[in-house]
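Student: Sharing entry10.csv (CSV, C-alpha atoms) below.
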```csv
chain,number,residue,atom,x,y,z
Z,1030,MET,CA,56.4,-15.3,61.6
Z,1031,GLU,CA,55.0,-13.3,64.5
Z,1032,PRO,CA,51.6,-14.5,65.7
Z,1033,LEU,CA,48.9,-12.2,64.6
Z,1034,ASN,CA,45.4,-11.7,66.0
Z,1035,LYS,CA,42.4,-10.7,64.1
Z,1036,THR,CA,43.0,-6.9,64.5
Z,1037,GLY,CA,46.6,-7.2,63.7
Z,1038,VAL,CA,46.2,-8.8,60.2
Z,1039,SER,CA,46.7,-6.0,57.7
Z,1040,GLU,CA,48.1,-8.1,54.8
Z,1041,PHE,CA,48.7,-11.7,53.8
Z,1042,PHE,CA,51.8,-13.3,52.2
Z,1043,LEU,CA,50.8,-15.4,49.2
Z,1044,LYS,CA,53.3,-18.3,49.4
Z,1045,GLY,CA,52.7,-19.6,45.9
Z,1046,PHE,CA,55.9,-20.9,44.4
Z,1047,SER,CA,58.3,-18.8,46.5
Z,1048,GLY,CA,60.3,-21.9,47.4
Z,1049,TYR,CA,60.9,-22.8,43.8
Z,1050,PRO,CA,62.6,-19.9,41.9
Z,1051,PHE,CA,63.2,-22.0,38.8
Z,1052,LEU,CA,59.6,-22.9,38.6
Z,1053,GLU,CA,58.6,-19.3,39.0
Z,1054,HIS,CA,60.7,-18.3,36.0
Z,1055,LEU,CA,59.3,-21.2,34.0
Z,1056,LEU,CA,55.7,-20.4,34.9
Z,1057,PHE,CA,55.9,-16.6,34.1
Z,1058,PRO,CA,56.1,-16.9,30.3
Z,1059,LEU,CA,53.7,-19.9,30.3
Z,1060,CYS,CA,51.1,-18.1,32.3
Z,1061,SER,CA,51.5,-14.8,30.5
Z,1062,ALA,CA,51.0,-16.5,27.1
Z,1063,THR,CA,48.0,-18.5,28.5
Z,1064,TYR,CA,46.4,-15.4,29.9
Z,1065,LEU,CA,46.9,-13.5,26.6
Z,1066,VAL,CA,45.3,-16.3,24.6
Z,1067,THR,CA,42.4,-16.4,27.2
Z,1068,LEU,CA,41.8,-12.7,26.8
Z,1069,LEU,CA,42.0,-12.7,23.0
Z,1070,GLY,CA,39.9,-15.9,22.5
Z,1071,ASN,CA,37.1,-15.0,24.9
Z,1072,THR,CA,37.0,-11.3,23.7
Z,1073,ALA,CA,36.7,-12.6,20.1
Z,1074,ILE,CA,33.8,-14.8,21.1
Z,1075,VAL,CA,32.0,-11.8,22.7
Z,1076,VAL,CA,32.7,-9.5,19.8
Z,1077,VAL,CA,31.6,-12.0,17.2
Z,1078,SER,CA,28.4,-12.9,19.0
Z,1079,VAL,CA,27.5,-9.2,19.3
Z,1080,LEU,CA,28.4,-8.1,15.8
Z,1081,ASP,CA,27.0,-11.0,13.8
Z,1082,VAL,CA,23.2,-10.9,13.7
Z,1083,HIS,CA,23.0,-14.7,12.9
Z,1084,LEU,CA,24.4,-15.3,16.4
Z,1085,HIS,CA,21.8,-13.3,18.2
Z,1086,THR,CA,20.3,-16.5,19.6
Z,1087,PRO,CA,20.0,-17.8,23.2
Z,1088,MET,CA,22.9,-20.2,22.7
Z,1089,TYR,CA,25.3,-17.5,21.7
Z,1090,PHE,CA,23.9,-15.0,24.3
Z,1091,PHE,CA,24.9,-17.5,27.0
Z,1092,LEU,CA,28.2,-18.2,25.3
Z,1093,GLY,CA,29.0,-14.5,25.4
Z,1094,ASN,CA,28.2,-14.5,29.1
Z,1095,LEU,CA,30.5,-17.5,29.6
Z,1096,SER,CA,33.3,-15.8,27.8
Z,1097,THR,CA,32.9,-12.7,29.9
Z,1098,LEU,CA,33.0,-14.8,33.0
Z,1099,ASP,CA,36.2,-16.5,31.9
Z,1100,ILE,CA,37.8,-13.1,31.3
Z,1101,CYS,CA,36.7,-11.8,34.7
Z,1102,TYR,CA,37.7,-15.0,36.5
Z,1103,THR,CA,41.3,-15.1,35.2
Z,1104,SER,CA,41.7,-11.3,35.7
Z,1105,THR,CA,40.9,-11.6,39.4
Z,1106,PHE,CA,44.2,-13.4,40.1
Z,1107,VAL,CA,46.5,-13.7,37.1
Z,1108,PRO,CA,47.9,-10.1,36.9
Z,1109,LEU,CA,48.9,-10.1,40.6
Z,1110,MET,CA,50.2,-13.7,40.3
Z,1111,LEU,CA,52.4,-12.6,37.4
Z,1112,VAL,CA,53.8,-9.8,39.4
Z,1113,HIS,CA,54.5,-12.1,42.3
Z,1114,LEU,CA,56.3,-14.6,40.1
Z,1115,LEU,CA,58.9,-12.0,39.4
Z,1116,SER,CA,58.9,-10.3,42.8
Z,1117,SER,CA,60.2,-11.2,46.2
Z,1118,ARG,CA,57.4,-9.3,47.9
Z,1119,LYS,CA,54.4,-11.5,47.5
Z,1120,THR,CA,51.9,-9.7,49.8
Z,1121,ILE,CA,48.3,-8.6,49.4
Z,1122,SER,CA,46.4,-6.3,51.7
Z,1123,PHE,CA,43.6,-7.7,53.9
Z,1124,THR,CA,41.0,-5.7,51.8
Z,1125,GLY,CA,42.6,-6.7,48.6
Z,1126,CYS,CA,42.5,-10.4,49.7
Z,1127,ALA,CA,38.8,-10.1,50.5
Z,1128,ILE,CA,38.0,-8.5,47.1
Z,1129,GLN,CA,40.0,-11.1,45.2
Z,1130,MET,CA,38.3,-13.9,47.2
Z,1131,CYS,CA,34.9,-12.4,46.6
Z,1132,LEU,CA,35.4,-11.9,42.8
Z,1133,SER,CA,36.9,-15.3,42.3
Z,1134,LEU,CA,34.1,-17.1,44.2
Z,1135,SER,CA,31.5,-15.0,42.4
Z,1136,THR,CA,32.7,-15.8,38.9
Z,1137,GLY,CA,33.2,-19.5,39.7
Z,1138,SER,CA,29.7,-19.8,41.2
Z,1139,THR,CA,28.1,-17.9,38.4
Z,1140,GLU,CA,29.8,-20.2,35.8
Z,1141,CYS,CA,28.3,-23.3,37.6
Z,1142,LEU,CA,24.8,-21.8,37.3
Z,1143,LEU,CA,25.4,-20.6,33.7
Z,1144,LEU,CA,26.5,-24.0,32.5
Z,1145,ALA,CA,23.3,-25.5,34.0
Z,1146,ILE,CA,21.3,-22.8,32.2
Z,1147,MET,CA,23.1,-23.6,28.9
Z,1148,ALA,CA,22.2,-27.3,29.4
Z,1149,TYR,CA,18.5,-26.3,29.8
Z,1150,ASP,CA,18.8,-24.2,26.6
Z,1151,ARG,CA,20.2,-27.2,24.7
Z,1152,TYR,CA,17.4,-29.4,26.2
Z,1153,LEU,CA,14.7,-27.1,24.8
Z,1154,ALA,CA,16.4,-26.7,21.5
Z,1155,ILE,CA,16.6,-30.5,20.9
Z,1156,CYS,CA,13.6,-31.8,22.8
Z,1157,GLN,CA,11.2,-29.0,22.2
Z,1158,PRO,CA,12.3,-27.6,18.8
Z,1159,LEU,CA,8.9,-26.3,17.7
Z,1160,ARG,CA,8.3,-24.3,20.9
Z,1161,TYR,CA,12.0,-23.4,21.5
Z,1162,HIS,CA,11.9,-19.7,20.4
Z,1163,MET,CA,8.7,-19.2,22.3
Z,1164,LEU,CA,10.0,-20.8,25.5
Z,1165,MET,CA,13.5,-19.4,25.4
Z,1166,SER,CA,12.6,-15.7,24.7
Z,1167,HIS,CA,15.2,-13.0,24.9
Z,1168,ARG,CA,13.6,-11.7,28.1
Z,1169,LEU,CA,13.9,-15.1,29.7
Z,1170,CYS,CA,17.5,-15.3,28.6
Z,1171,VAL,CA,18.3,-12.0,30.2
Z,1172,LEU,CA,16.5,-13.0,33.4
Z,1173,LEU,CA,18.3,-16.3,33.7
Z,1174,ALA,CA,21.7,-14.9,33.0
Z,1175,GLY,CA,21.1,-12.0,35.4
Z,1176,ALA,CA,19.9,-14.4,38.1
Z,1177,ALA,CA,23.1,-16.4,37.7
Z,1178,TRP,CA,25.3,-13.3,38.1
Z,1179,VAL,CA,23.3,-12.0,41.1
Z,1180,LEU,CA,23.1,-15.3,42.9
Z,1181,GLY,CA,26.8,-16.0,42.4
Z,1182,LEU,CA,27.6,-12.5,43.7
Z,1183,LEU,CA,25.4,-12.8,46.7
Z,1184,LYS,CA,26.8,-16.2,47.6
Z,1185,SER,CA,30.4,-15.0,47.3
Z,1186,VAL,CA,29.8,-11.8,49.3
Z,1187,THR,CA,28.2,-13.8,52.1
Z,1188,GLU,CA,31.0,-16.4,52.1
Z,1189,THR,CA,33.7,-13.8,52.0
Z,1190,VAL,CA,32.3,-11.8,54.9
Z,1191,ILE,CA,32.0,-15.0,57.0
Z,1192,ALA,CA,35.6,-16.0,56.1
Z,1193,MET,CA,37.2,-12.6,56.7
Z,1194,ARG,CA,35.4,-11.9,60.0
Z,1195,LEU,CA,37.0,-15.0,61.6
Z,1196,PRO,CA,39.9,-14.4,64.0
Z,1197,PHE,CA,43.3,-15.1,62.5
Z,1198,CYS,CA,45.4,-16.1,65.4
Z,1199,GLY,CA,48.4,-17.7,63.6
Z,1200,HIS,CA,50.8,-16.6,60.9
Z,1201,HIS,CA,49.6,-14.7,57.8
Z,1202,VAL,CA,51.2,-17.0,55.1
Z,1203,VAL,CA,48.6,-18.3,52.7
Z,1204,SER,CA,49.7,-21.5,51.1
Z,1205,HIS,CA,48.4,-20.6,47.7
Z,1206,PHE,CA,49.1,-18.2,44.8
Z,1207,THR,CA,45.8,-16.4,45.4
Z,1208,CYS,CA,43.4,-15.7,48.3
Z,1209,GLU,CA,41.5,-19.0,47.8
Z,1210,ILE,CA,38.9,-19.3,50.6
Z,1211,LEU,CA,40.0,-22.8,51.8
Z,1212,ALA,CA,43.6,-21.7,52.0
Z,1213,VAL,CA,42.7,-18.6,54.0
Z,1214,LEU,CA,40.4,-20.5,56.3
Z,1215,LYS,CA,43.4,-22.6,57.4
Z,1216,LEU,CA,44.8,-19.5,59.1
Z,1217,ALA,CA,41.7,-18.9,61.1
Z,1218,CYS,CA,41.1,-20.1,64.7
Z,1219,GLY,CA,38.3,-20.3,67.1
Z,1220,ASN,CA,34.9,-22.0,66.6
Z,1221,MET,CA,34.4,-22.4,62.8
Z,1222,SER,CA,31.6,-24.9,62.8
Z,1223,VAL,CA,28.9,-22.4,61.7
Z,1224,SER,CA,31.2,-21.0,59.0
Z,1225,GLU,CA,32.1,-24.4,57.7
Z,1226,ASP,CA,28.5,-25.6,57.7
Z,1227,PHE,CA,27.4,-22.5,55.7
Z,1228,LEU,CA,30.3,-22.9,53.2
Z,1229,LEU,CA,29.3,-26.6,52.8
Z,1230,VAL,CA,25.7,-25.8,52.1
Z,1231,GLY,CA,26.8,-23.1,49.6
Z,1232,SER,CA,29.1,-25.6,47.9
Z,1233,ILE,CA,26.4,-28.2,47.6
Z,1234,LEU,CA,24.0,-25.7,46.1
Z,1235,LEU,CA,26.4,-24.4,43.5
Z,1236,LEU,CA,28.3,-27.6,42.6
Z,1237,PRO,CA,26.4,-30.9,42.8
Z,1238,VAL,CA,22.9,-29.4,42.3
Z,1239,PRO,CA,23.7,-27.7,38.9
Z,1240,LEU,CA,25.7,-30.8,37.9
Z,1241,GLU,CA,22.7,-33.0,38.6
Z,1242,PHE,CA,20.6,-30.7,36.5
Z,1243,ILE,CA,23.0,-30.8,33.7
Z,1244,CYS,CA,23.2,-34.6,33.8
Z,1245,LEU,CA,19.3,-34.8,33.8
Z,1246,SER,CA,19.2,-32.4,30.8
Z,1247,TYR,CA,21.6,-34.5,28.8
Z,1248,LEU,CA,19.9,-37.8,29.7
Z,1249,LEU,CA,16.7,-36.3,28.2
Z,1250,ILE,CA,18.7,-35.0,25.2
Z,1251,LEU,CA,20.3,-38.4,24.7
Z,1252,ALA,CA,16.9,-40.1,24.8
Z,1253,THR,CA,15.6,-37.7,22.2
Z,1254,ILE,CA,18.6,-38.1,19.9
Z,1255,LEU,CA,18.3,-41.9,20.0
Z,1256,ARG,CA,14.8,-41.6,18.7
Z,1257,VAL,CA,15.8,-39.7,15.6
Z,1258,PRO,CA,15.5,-42.1,12.7
Z,1259,SER,CA,18.4,-41.0,10.5
Z,1260,ALA,CA,22.1,-41.1,11.4
Z,1261,ALA,CA,22.6,-37.7,9.8
Z,1262,GLY,CA,19.8,-36.3,12.0
Z,1263,ARG,CA,21.4,-37.8,15.1
Z,1264,ARG,CA,24.8,-36.3,14.3
Z,1265,LYS,CA,23.2,-32.9,13.6
Z,1266,ALA,CA,21.3,-33.0,16.9
Z,1267,PHE,CA,24.4,-34.0,18.9
Z,1268,ALA,CA,26.5,-31.4,17.2
Z,1269,THR,CA,24.3,-28.6,18.6
Z,1270,CYS,CA,25.3,-29.6,22.2
Z,1271,SER,CA,28.7,-31.3,21.8
Z,1272,ALA,CA,30.7,-28.1,22.5
Z,1273,HIS,CA,28.8,-27.3,25.7
Z,1274,LEU,CA,29.1,-30.9,26.8
Z,1275,ALA,CA,32.9,-30.7,26.3
Z,1276,VAL,CA,33.1,-27.5,28.3
Z,1277,VAL,CA,31.0,-29.1,31.1
Z,1278,LEU,CA,33.3,-32.2,31.2
Z,1279,LEU,CA,36.4,-30.0,31.3
Z,1280,PHE,CA,35.1,-27.7,34.0
Z,1281,TYR,CA,33.6,-30.2,36.4
Z,1282,GLY,CA,36.2,-32.9,35.7
Z,1283,THR,CA,39.0,-30.7,36.9
Z,1284,ILE,CA,37.0,-29.4,39.9
Z,1285,ILE,CA,36.1,-33.0,41.0
Z,1286,PHE,CA,39.7,-34.1,40.6
Z,1287,MET,CA,40.9,-31.1,42.7
Z,1288,TYR,CA,38.4,-31.1,45.5
Z,1289,MET,CA,37.4,-34.8,45.9
Z,1290,LYS,CA,40.8,-36.3,46.3
Z,1291,PRO,CA,42.2,-36.8,49.8
Z,1292,LYS,CA,43.7,-33.7,51.3
Z,1293,SER,CA,47.0,-33.6,53.2
Z,1294,LYS,CA,47.7,-31.0,55.9
Z,1295,GLU,CA,50.4,-29.3,53.8
Z,1296,ALA,CA,49.8,-28.5,50.2
Z,1297,HIS,CA,52.2,-30.2,47.7
Z,1298,ILE,CA,53.8,-28.3,44.9
Z,1299,SER,CA,52.3,-30.6,42.3
Z,1300,ASP,CA,48.8,-29.6,43.6
Z,1301,GLU,CA,49.7,-26.0,43.3
Z,1302,VAL,CA,50.9,-26.4,39.7
Z,1303,PHE,CA,47.8,-28.4,38.8
Z,1304,THR,CA,45.6,-25.6,40.3
Z,1305,VAL,CA,47.4,-23.0,38.2
Z,1306,LEU,CA,46.9,-25.0,35.1
Z,1307,TYR,CA,43.2,-25.7,35.9
Z,1308,ALA,CA,42.5,-22.1,36.7
Z,1309,MET,CA,44.2,-20.7,33.5
Z,1310,VAL,CA,43.9,-23.4,30.9
Z,1311,THR,CA,40.2,-24.1,31.3
Z,1312,PRO,CA,39.1,-20.5,30.5
Z,1313,MET,CA,41.6,-20.6,27.6
Z,1314,LEU,CA,40.2,-23.8,26.1
Z,1315,ASN,CA,36.5,-22.8,26.3
Z,1316,PRO,CA,36.6,-20.4,23.2
Z,1317,ILE,CA,38.8,-22.9,21.4
Z,1318,ILE,CA,36.3,-25.7,22.0
Z,1319,TYR,CA,33.4,-23.6,20.8
Z,1320,SER,CA,35.2,-22.3,17.7
Z,1321,LEU,CA,36.5,-25.7,16.7
Z,1322,ARG,CA,33.2,-27.6,17.3
Z,1323,ASN,CA,30.9,-24.9,15.9
Z,1324,LYS,CA,30.7,-24.0,12.2
Z,1325,GLU,CA,28.5,-21.0,12.9
Z,1326,VAL,CA,31.2,-19.4,15.1
Z,1327,LYS,CA,33.9,-19.9,12.6
Z,1328,GLU,CA,31.7,-18.6,9.8
Z,1329,ALA,CA,30.7,-15.5,11.8
Z,1330,ALA,CA,34.4,-14.9,12.7
Z,1331,ARG,CA,35.3,-15.0,9.0
Z,1332,LYS,CA,32.5,-12.5,8.2
Z,1333,VAL,CA,33.5,-10.1,10.9
Z,1334,TRP,CA,37.1,-10.3,10.0
Z,1335,GLY,CA,36.3,-9.8,6.3
Z,1336,ARG,CA,34.1,-6.7,7.0
Z,1337,ARG,CA,36.9,-5.3,9.1
Z,1338,ARG,CA,39.5,-5.7,6.4
Z,1339,ALA,CA,37.2,-4.3,3.8
Z,1340,SER,CA,36.5,-1.2,5.8
Z,1341,ARG,CA,40.2,-0.3,5.9
```
Let me see the file written as structure tokens.
Tutor:
Amino acid sequence: MEPLNKTGVSEFFLKGFSGYPFLEHLLFPLCSATYLVTLLGNTAIVVVSVLDVHLHTPMYFFLGNLSTLDICYTSTFVPLMLVHLLSSRKTISFTGCAIQMCLSLSTGSTECLLLAIMAYDRYLAICQPLRYHMLMSHRLCVLLAGAAWVLGLLKSVTETVIAMRLPFCGHHVVSHFTCEILAVLKLACGNMSVSEDFLLVGSILLLPVPLEFICLSYLLILATILRVPSAAGRRKAFATCSAHLAVVLLFYGTIIFMYMKPKSKEAHISDEVFTVLYAMVTPMLNPIIYSLRNKEVKEAARKVWGRRRASR
């Protein structure tokens, strides 16, 4: 590869799985099926939560936002990745890379905040049941969800501008299947201390802080549940937050495994495969977890489906 300076970078080559043709042909049908299930499952959650009046509650309002985020997140990279799996030309323009990076960071950051908001919603529902509807009004729900989307977007735009304004003095091969910010930063040169410090602060604010808030909420929820006198009451109280807790464990568990393990200079193919599975399987499992763990969602889906069949 010819050395490129900052002004000479017009496109990036997304390396992905280009060195493993067999793996590419194996991943294409698997990723296509996963993406289709993700779109169908999350769209179904959004449609059901909008059409069924019994689900017009804060919990399902936030769940609809979570499903919308999952659709947006996977759509930022999966369509292009599927094209690259079957093509020998795996390039993306400089502008396209910046847009993909920004949207991916935005949806990921927003999901961190949204999961924390959903934990707060469950805390109020279980620990403050008599005041729940007054405290968690529709206006507050809209403000909290809107703040999560706006803060996630502002953070991602700032990080993307910082990353893409750095001088790229080496080759233009990104060792990833998408324009992931850490993979792109490996191509930059010059003094990166300010950029790295800013990215570190942003990562702390959008990962450990929401996670600590979620843990605190569930500690208070657990303390409240343990004070419930009957076993049936404890099971009912835990059932209201078990789906969200499962999604939190899946989301943060995979992130911690990916980013907290020791990093080598060169990415291994096993890491790339795990990243693909994490990025695609987690959004696919979210609606499955909620539909399996929540009787209200299943009942609402049956009603919506029944009305649709009756109207034909």
Student: Determine, counting all atoms listed in the file, which protein, DNA and RNA residues have an atom within 10 Å of an atom of Tyr1247 in chain Z; residues of the same chain fewer than 3 positions away are not included. Present the result as a list in words.
Tutor: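 Counting only the stated atoms, we get Ala1148, Tyr1149, Arg1151, Tyr1152, Glu1241, Phe1242, Ile1243, Cys1244, Ile1250, Leu1251, Ala1252, Thr1253, Cys1270 and Leu1274 of chain Z.
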Student: Using CA of Cys1170 in chain Z and CA of Phe1090 in chain Z as the two end points, give the distance in Å to one decimal.
Tutor: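 Straight-line distance from CA of Cys1170 in chain Z to CA of Phe1090 in chain Z works out to 7.7 Å.
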Student: Pick from Z:Leu1214, Z:Leu1306, Z:Val1230, Z:Val1112: nearest to His1054 in chain Z, with all atoms listed in the file counted?
Tutor: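 Smallest separation from His1054 in chain Z among the options: Z:Val1112.
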Student: As number ranges by chain, please: the residues near range 1039-1053 of chain Z (cut-off 6 Å, only C-alpha atoms, same-chain neighbours under 2 positions excluded).
Tutor: Z: 1055-1056, 1114, 1119-1123, 1201-1206
Student: Quick one: pull the distance between CA of Tyr1102 in chain Z and CA of Leu1169 in chain Z, Å, one decimal.
Tutor: 24.8 Å
Student: Report, in Å to a single decimal, how far apart CA of Phe1227 in chain Z and CA of Leu1144 in chain Z are.
Tutor: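 If I compute the distance from CA of Leu1144 in chain Z to CA of Phe1227 in chain Z, I get 23.3 Å.
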Student: Go through Z:Thr1269, Z:Asn1094, Z:Ser1138, Z:Ser1104 and flag the residue nearest Ser1078 in chain Z, using only C-alpha atoms for the distances.
Tutor: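 Looking at the shortest contact to Ser1078 in chain Z, the residue is Z:Asn1094.
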Student: Point out the residue among Z:Thr1067, Z:Ile1191, Z:Leu1132, Z:Leu1229 with the least atom-to-atom distance to Ala1217 in chain Z, counting all atoms listed in the file.
Tutor: Z:Ile1191
Student: When distances are computed from only C-alpha atoms, which of Z:Leu1115, Z:Leu1059, Z:Pro1239, Z:Met1163 shows the smallest separation from Val1302 in chain Z?
Tutor: Z:Leu1059
Student: So which one's closest to Leu1182 in chain Z, Z:Ser1246, Z:Thr1136, Z:Thr1086, Z:Thr1207? Using all atoms listed in the file, please.
Tutor: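 Ranking Z:Ser1246, Z:Thr1136, Z:Thr1086, Z:Thr1207 by distance to Leu1182 in chain Z, first place goes to Z:Thr1136.
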Student: Given the choices Z:Leu1111, Z:Ile1128, Z:Leu1143, Z:Leu1069, which gets closest to Val1171 in chain Z if the distance is worked out from all atoms listed in the file?
Tutor: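 Among the listed residues, the smallest separation from Val1171 in chain Z belongs to Z:Leu1143.
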Student: Select all residues near (32.1, -18.4, 28.1) (cut-off 10 Å, inclusive, file coordinates), counting only C-alpha atoms, and output them as an MDAnalysis selection string.
Tutor: chainID Z and resid 1070:1072 1074:1075 1089:1100 1140 1143:1144 1273 1276 1312:1316 1319
